[in-house]
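Data first, discussion second: the structure below is written as structure tokens.
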Amino acid sequence: MKKVLLFSILLLLGLAGSQLFPAWLPEARLDLYREAVKLLTMFCLGFIMIHVGYEFEIDKSRVGQYGKDYLIAATAAAFPWIFCALYFVFVMNPSPAWGDWEVWKSSLLASRFAAPTSAGILFSMLAAAGLAATWLYRKARILAIFDDLDTVLLMIPLKMMMVGLKWQLLVIVLIMAVQIYLAWVFLHRWKISVRWPAVMAYAAAITLICELIYKLSTL
């Protein structure tokens, strides 16, 4: 339970720091701070998601069950987003603004980040509590993976509403489709190190590749 307590404290510290640091830092350093936080967040997320995929097995004879799991994960990702968006529009805006498309767009964007799902946190907490061998842990791991996939998919139409149809978004969809295909065909066929230094290197490589793709796409 010490790990669970530590994880909880770190979550609270991160929440508090995200609100306090921008006010404490000099305005001239805010851009540098945002860039550092973005890269560090991507690195940590990559590290966590690599661990989520440890020993993840796809039973190709139970594709229908995975379809049900994906549906559950999709609702877990979509419903909080929708409910938060409705709250932002109908509670936090005056009634004359309810039909304003700009209000809906800003509310949908804000609610996407205000309504995070808890599958990943549940997965981490179960691991910290020593429940990695339980059915609940294995189910949470599957839901966490599908939940993250669905979250990315939901971000694509949202971004289209914000910036219009961009070729970069189509490339993202193509890359995701290729990755899913490779995972389906080559799962656990490549033996690579899973020690912490190696996983940190993988996470750093993912961060670097994503950042390079972003920088090159904005040229």
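Following the order of the structure tokens, chains are lettered A, B, ..., residues in each are numbered from 1, and ligands are numbered from 1.
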
**Q.** DSSP alpha helix (DSSP H) residues within range 50-176 of chain A, listed as number ranges by chain
**A.** A: 50-52, 63-90, 101-114, 119-128, 135-163, 167-176

Q: Determine, counting only C-alpha atoms, which protein, DNA and RNA residues have an atom within 12 Å of an atom of Trp135 in chain A; residues of the same chain fewer than 5 positions away are not included. Present the result as a list of chain:residue names.
A: A:Phe123, A:Leu126, A:Ala140, A:Arg141, A:Ile142

With all heavy atoms retained, export the selected residues as a CSV table (one decimal), in the first residue's frame.
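So the final result, stored in out_16.csv, reads:
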```
chain,number,residue,atom,x,y,z
A,123,PHE,N,-5.0,0.8,-13.5
A,123,PHE,CA,-4.0,-0.2,-13.8
A,123,PHE,C,-2.8,0.0,-13.0
A,123,PHE,O,-2.2,-1.0,-12.4
A,123,PHE,CB,-3.7,-0.1,-15.3
A,123,PHE,CG,-2.5,-0.8,-15.8
A,123,PHE,CD1,-2.5,-2.2,-16.0
A,123,PHE,CD2,-1.3,-0.2,-15.9
A,123,PHE,CE1,-1.4,-2.9,-16.5
A,123,PHE,CE2,-0.2,-0.8,-16.4
A,123,PHE,CZ,-0.2,-2.2,-16.6
A,126,LEU,N,-3.4,-1.0,-9.2
A,126,LEU,CA,-3.5,-2.4,-9.0
A,126,LEU,C,-2.1,-3.0,-9.0
A,126,LEU,O,-1.8,-3.9,-8.2
A,126,LEU,CB,-4.3,-3.0,-10.1
A,126,LEU,CG,-5.8,-2.8,-10.0
A,126,LEU,CD1,-6.5,-3.3,-11.3
A,126,LEU,CD2,-6.4,-3.4,-8.8
A,140,ALA,N,-8.1,-4.6,-16.6
A,140,ALA,CA,-7.8,-3.2,-16.6
A,140,ALA,C,-6.7,-2.8,-17.6
A,140,ALA,O,-6.7,-1.8,-18.2
A,140,ALA,CB,-7.4,-2.8,-15.2
A,141,ARG,N,-5.8,-3.8,-17.8
A,141,ARG,CA,-4.7,-3.5,-18.8
A,141,ARG,C,-5.3,-3.4,-20.2
A,141,ARG,O,-4.9,-2.5,-21.0
A,141,ARG,CB,-3.7,-4.6,-18.7
A,141,ARG,CG,-2.5,-4.4,-19.7
A,141,ARG,CD,-1.4,-5.4,-19.4
A,141,ARG,NE,-1.9,-6.8,-19.4
A,141,ARG,CZ,-1.2,-7.8,-19.0
A,141,ARG,NH1,0.0,-7.6,-18.5
A,141,ARG,NH2,-1.7,-9.1,-19.0
A,142,ILE,N,-6.2,-4.4,-20.5
A,142,ILE,CA,-6.8,-4.3,-21.9
A,142,ILE,C,-7.6,-3.1,-22.1
A,142,ILE,O,-7.5,-2.4,-23.1
A,142,ILE,CB,-7.7,-5.6,-22.0
A,142,ILE,CG1,-6.8,-6.8,-22.1
A,142,ILE,CG2,-8.5,-5.5,-23.3
A,142,ILE,CD1,-7.6,-8.1,-22.1
```

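Of the listed residues A:Ala76, A:Glu27, A:Val171, A:Met42, the one whose atoms come nearest to Ile209 in chain A is A:Met42, with distances taken using only C-alpha atoms.
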
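Proximity to Met161 in chain A was assessed for A:Val37, A:Met176, A:Ala74, A:Leu108 counting only C-alpha atoms; the smallest distance is recorded for A:Leu108.
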
(Q) as a PyMOL selection string, please: the residues near Arg34 in chain A (cut-off 12 Å, only C-alpha atoms, same-chain neighbours under 6 positions excluded). (A) chain A and resi 18+21-22+25+27-28+40-41

Would you export the selected residues with N, CA, C and O atoms as a PDB file, in the first residue's frame, please?
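again_1.pdb, written as the output of this step:
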```pdb
ATOM      1  N   SER A  18       1.116  21.916 -11.461  1.00  0.00           N
ATOM      2  CA  SER A  18       0.664  22.429 -12.756  1.00  0.00           C
ATOM      3  C   SER A  18      -0.090  23.742 -12.623  1.00  0.00           C
ATOM      4  O   SER A  18      -0.140  24.539 -13.565  1.00  0.00           O
ATOM      5  N   PHE A  21       3.178  26.476 -10.590  1.00  0.00           N
ATOM      6  CA  PHE A  21       4.428  26.836 -11.255  1.00  0.00           C
ATOM      7  C   PHE A  21       4.272  27.947 -12.293  1.00  0.00           C
ATOM      8  O   PHE A  21       5.110  28.851 -12.360  1.00  0.00           O
ATOM      9  N   PRO A  22       3.230  27.913 -13.146  1.00  0.00           N
ATOM     10  CA  PRO A  22       3.102  29.011 -14.117  1.00  0.00           C
ATOM     11  C   PRO A  22       2.987  30.382 -13.464  1.00  0.00           C
ATOM     12  O   PRO A  22       3.425  31.384 -14.036  1.00  0.00           O
ATOM     13  N   LEU A  25       6.773  31.215 -12.022  1.00  0.00           N
ATOM     14  CA  LEU A  25       7.878  31.401 -12.956  1.00  0.00           C
ATOM     15  C   LEU A  25       7.802  32.764 -13.638  1.00  0.00           C
ATOM     16  O   LEU A  25       6.705  33.286 -13.879  1.00  0.00           O
ATOM     17  N   GLU A  27       7.585  35.361 -16.561  1.00  0.00           N
ATOM     18  CA  GLU A  27       6.848  35.214 -17.817  1.00  0.00           C
ATOM     19  C   GLU A  27       7.771  34.904 -18.985  1.00  0.00           C
ATOM     20  O   GLU A  27       7.386  34.203 -19.928  1.00  0.00           O
ATOM     21  N   ALA A  28       9.002  35.397 -18.922  1.00  0.00           N
ATOM     22  CA  ALA A  28       9.947  35.160 -20.013  1.00  0.00           C
ATOM     23  C   ALA A  28      10.335  33.690 -20.128  1.00  0.00           C
ATOM     24  O   ALA A  28      10.794  33.244 -21.184  1.00  0.00           O
ATOM     25  N   LEU A  40       8.698  16.128 -21.153  1.00  0.00           N
ATOM     26  CA  LEU A  40       8.768  15.224 -20.008  1.00  0.00           C
ATOM     27  C   LEU A  40       7.484  14.404 -19.883  1.00  0.00           C
ATOM     28  O   LEU A  40       7.528  13.205 -19.564  1.00  0.00           O
ATOM     29  N   THR A  41       6.353  15.038 -20.158  1.00  0.00           N
ATOM     30  CA  THR A  41       5.076  14.324 -20.102  1.00  0.00           C
ATOM     31  C   THR A  41       5.014  13.232 -21.163  1.00  0.00           C
ATOM     32  O   THR A  41       4.565  12.107 -20.894  1.00  0.00           O
TER      33      THR A  41
END
```

Q: May I have the residues within 10 Å of Ser111 in chain A as an MDAnalysis selection string, using only C-alpha atoms and disregarding those fewer than 6 positions away in the same chain?
A: chainID A and resid 80:88 105

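Across the model, the gap from CA of Phe186 in chain A to CA of Leu170 in chain A is 24.1 Å.
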
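Each of A:Gly46, A:Pro197, A:Pro157, A:Gly130 was checked against Lys2 in chain A using only C-alpha atoms; the smallest atom-to-atom distance is that of A:Gly130.
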
Q | Counting only C-alpha atoms, the option among A:Leu154, A:Leu30, A:Cys44, A:Leu15 closest to Ala204 in chain A | A | A:Cys44

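When CA of Arg29 in chain A is paired with CA of Phe43 in chain A, their separation reads 21.2 Å.
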
Q.
Taking 5 positions as the minimum chain separation for residues in the same chain, which residues sit within 12 Å of Asp59 in chain A when counting only C-alpha atoms? Answer as a PyMOL selection string.
A. chain A and resi 64-66+142+184-185+187

Residue subset to file, keeping all heavy atoms, as a PDB file, in the first residue's frame:
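The file below, result_17.pdb, is the result:
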```pdb
ATOM      1  N   GLY A  64     -14.175 -11.426 -30.735  1.00  0.00           N
ATOM      2  CA  GLY A  64     -15.452 -10.852 -30.326  1.00  0.00           C
ATOM      3  C   GLY A  64     -15.400 -10.260 -28.929  1.00  0.00           C
ATOM      4  O   GLY A  64     -15.992  -9.207 -28.665  1.00  0.00           O
ATOM      5  N   GLN A  65     -14.679 -10.914 -28.025  1.00  0.00           N
ATOM      6  CA  GLN A  65     -14.551 -10.401 -26.664  1.00  0.00           C
ATOM      7  C   GLN A  65     -13.786  -9.087 -26.643  1.00  0.00           C
ATOM      8  O   GLN A  65     -14.117  -8.170 -25.891  1.00  0.00           O
ATOM      9  CB  GLN A  65     -13.841 -11.432 -25.784  1.00  0.00           C
ATOM     10  CG  GLN A  65     -13.672 -11.001 -24.330  1.00  0.00           C
ATOM     11  CD  GLN A  65     -14.997 -10.748 -23.644  1.00  0.00           C
ATOM     12  OE1 GLN A  65     -15.926 -11.551 -23.762  1.00  0.00           O
ATOM     13  NE2 GLN A  65     -15.109  -9.626 -22.938  1.00  0.00           N
ATOM     14  N   TYR A  66     -12.769  -8.992 -27.501  1.00  0.00           N
ATOM     15  CA  TYR A  66     -12.022  -7.738 -27.581  1.00  0.00           C
ATOM     16  C   TYR A  66     -12.904  -6.615 -28.122  1.00  0.00           C
ATOM     17  O   TYR A  66     -12.734  -5.453 -27.759  1.00  0.00           O
ATOM     18  CB  TYR A  66     -10.783  -7.906 -28.456  1.00  0.00           C
ATOM     19  CG  TYR A  66      -9.731  -8.796 -27.837  1.00  0.00           C
ATOM     20  CD1 TYR A  66      -9.279  -9.930 -28.494  1.00  0.00           C
ATOM     21  CD2 TYR A  66      -9.197  -8.509 -26.586  1.00  0.00           C
ATOM     22  CE1 TYR A  66      -8.320 -10.755 -27.925  1.00  0.00           C
ATOM     23  CE2 TYR A  66      -8.242  -9.326 -26.011  1.00  0.00           C
ATOM     24  CZ  TYR A  66      -7.804 -10.451 -26.686  1.00  0.00           C
ATOM     25  OH  TYR A  66      -6.862 -11.265 -26.113  1.00  0.00           O
ATOM     26  N   ILE A 142      -6.168  -4.353 -20.533  1.00  0.00           N
ATOM     27  CA  ILE A 142      -6.788  -4.336 -21.859  1.00  0.00           C
ATOM     28  C   ILE A 142      -7.603  -3.061 -22.054  1.00  0.00           C
ATOM     29  O   ILE A 142      -7.514  -2.385 -23.086  1.00  0.00           O
ATOM     30  CB  ILE A 142      -7.676  -5.579 -22.046  1.00  0.00           C
ATOM     31  CG1 ILE A 142      -6.822  -6.850 -22.057  1.00  0.00           C
ATOM     32  CG2 ILE A 142      -8.484  -5.480 -23.338  1.00  0.00           C
ATOM     33  CD1 ILE A 142      -7.631  -8.127 -22.071  1.00  0.00           C
ATOM     34  N   TRP A 184      -0.786  -6.946 -34.371  1.00  0.00           N
ATOM     35  CA  TRP A 184      -1.592  -8.152 -34.580  1.00  0.00           C
ATOM     36  C   TRP A 184      -0.746  -9.289 -35.164  1.00  0.00           C
ATOM     37  O   TRP A 184      -0.877 -10.444 -34.766  1.00  0.00           O
ATOM     38  CB  TRP A 184      -2.750  -7.824 -35.510  1.00  0.00           C
ATOM     39  CG  TRP A 184      -3.635  -8.993 -35.846  1.00  0.00           C
ATOM     40  CD1 TRP A 184      -3.559  -9.795 -36.946  1.00  0.00           C
ATOM     41  CD2 TRP A 184      -4.722  -9.497 -35.068  1.00  0.00           C
ATOM     42  NE1 TRP A 184      -4.527 -10.757 -36.915  1.00  0.00           N
ATOM     43  CE2 TRP A 184      -5.265 -10.603 -35.771  1.00  0.00           C
ATOM     44  CE3 TRP A 184      -5.298  -9.121 -33.856  1.00  0.00           C
ATOM     45  CZ2 TRP A 184      -6.349 -11.325 -35.288  1.00  0.00           C
ATOM     46  CZ3 TRP A 184      -6.381  -9.841 -33.382  1.00  0.00           C
ATOM     47  CH2 TRP A 184      -6.890 -10.930 -34.092  1.00  0.00           C
ATOM     48  N   VAL A 185       0.137  -8.956 -36.080  1.00  0.00           N
ATOM     49  CA  VAL A 185       0.898  -9.984 -36.793  1.00  0.00           C
ATOM     50  C   VAL A 185       2.159 -10.397 -36.039  1.00  0.00           C
ATOM     51  O   VAL A 185       2.489 -11.588 -35.959  1.00  0.00           O
ATOM     52  CB  VAL A 185       1.267  -9.487 -38.210  1.00  0.00           C
ATOM     53  CG1 VAL A 185       2.159 -10.510 -38.918  1.00  0.00           C
ATOM     54  CG2 VAL A 185       0.001  -9.228 -39.021  1.00  0.00           C
ATOM     55  N   LEU A 187       3.101  -9.754 -32.708  1.00  0.00           N
ATOM     56  CA  LEU A 187       3.082  -9.647 -31.250  1.00  0.00           C
ATOM     57  C   LEU A 187       3.983 -10.701 -30.613  1.00  0.00           C
ATOM     58  O   LEU A 187       3.849 -11.902 -30.875  1.00  0.00           O
ATOM     59  CB  LEU A 187       1.649  -9.810 -30.737  1.00  0.00           C
ATOM     60  CG  LEU A 187       1.458  -9.637 -29.233  1.00  0.00           C
ATOM     61  CD1 LEU A 187       1.761  -8.203 -28.825  1.00  0.00           C
ATOM     62  CD2 LEU A 187       0.035 -10.006 -28.822  1.00  0.00           C
TER      63      LEU A 187
END
```

Q | Nearest to Ile156 in chain A by atom-to-atom distance, counting only C-alpha atoms, from A:Val91, A:Ile192, A:Ile72, A:Leu169 | A | A:Leu169

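Here CA of Ile50 in chain A is placed at a distance of 11.9 Å from CA of Ser193 in chain A.
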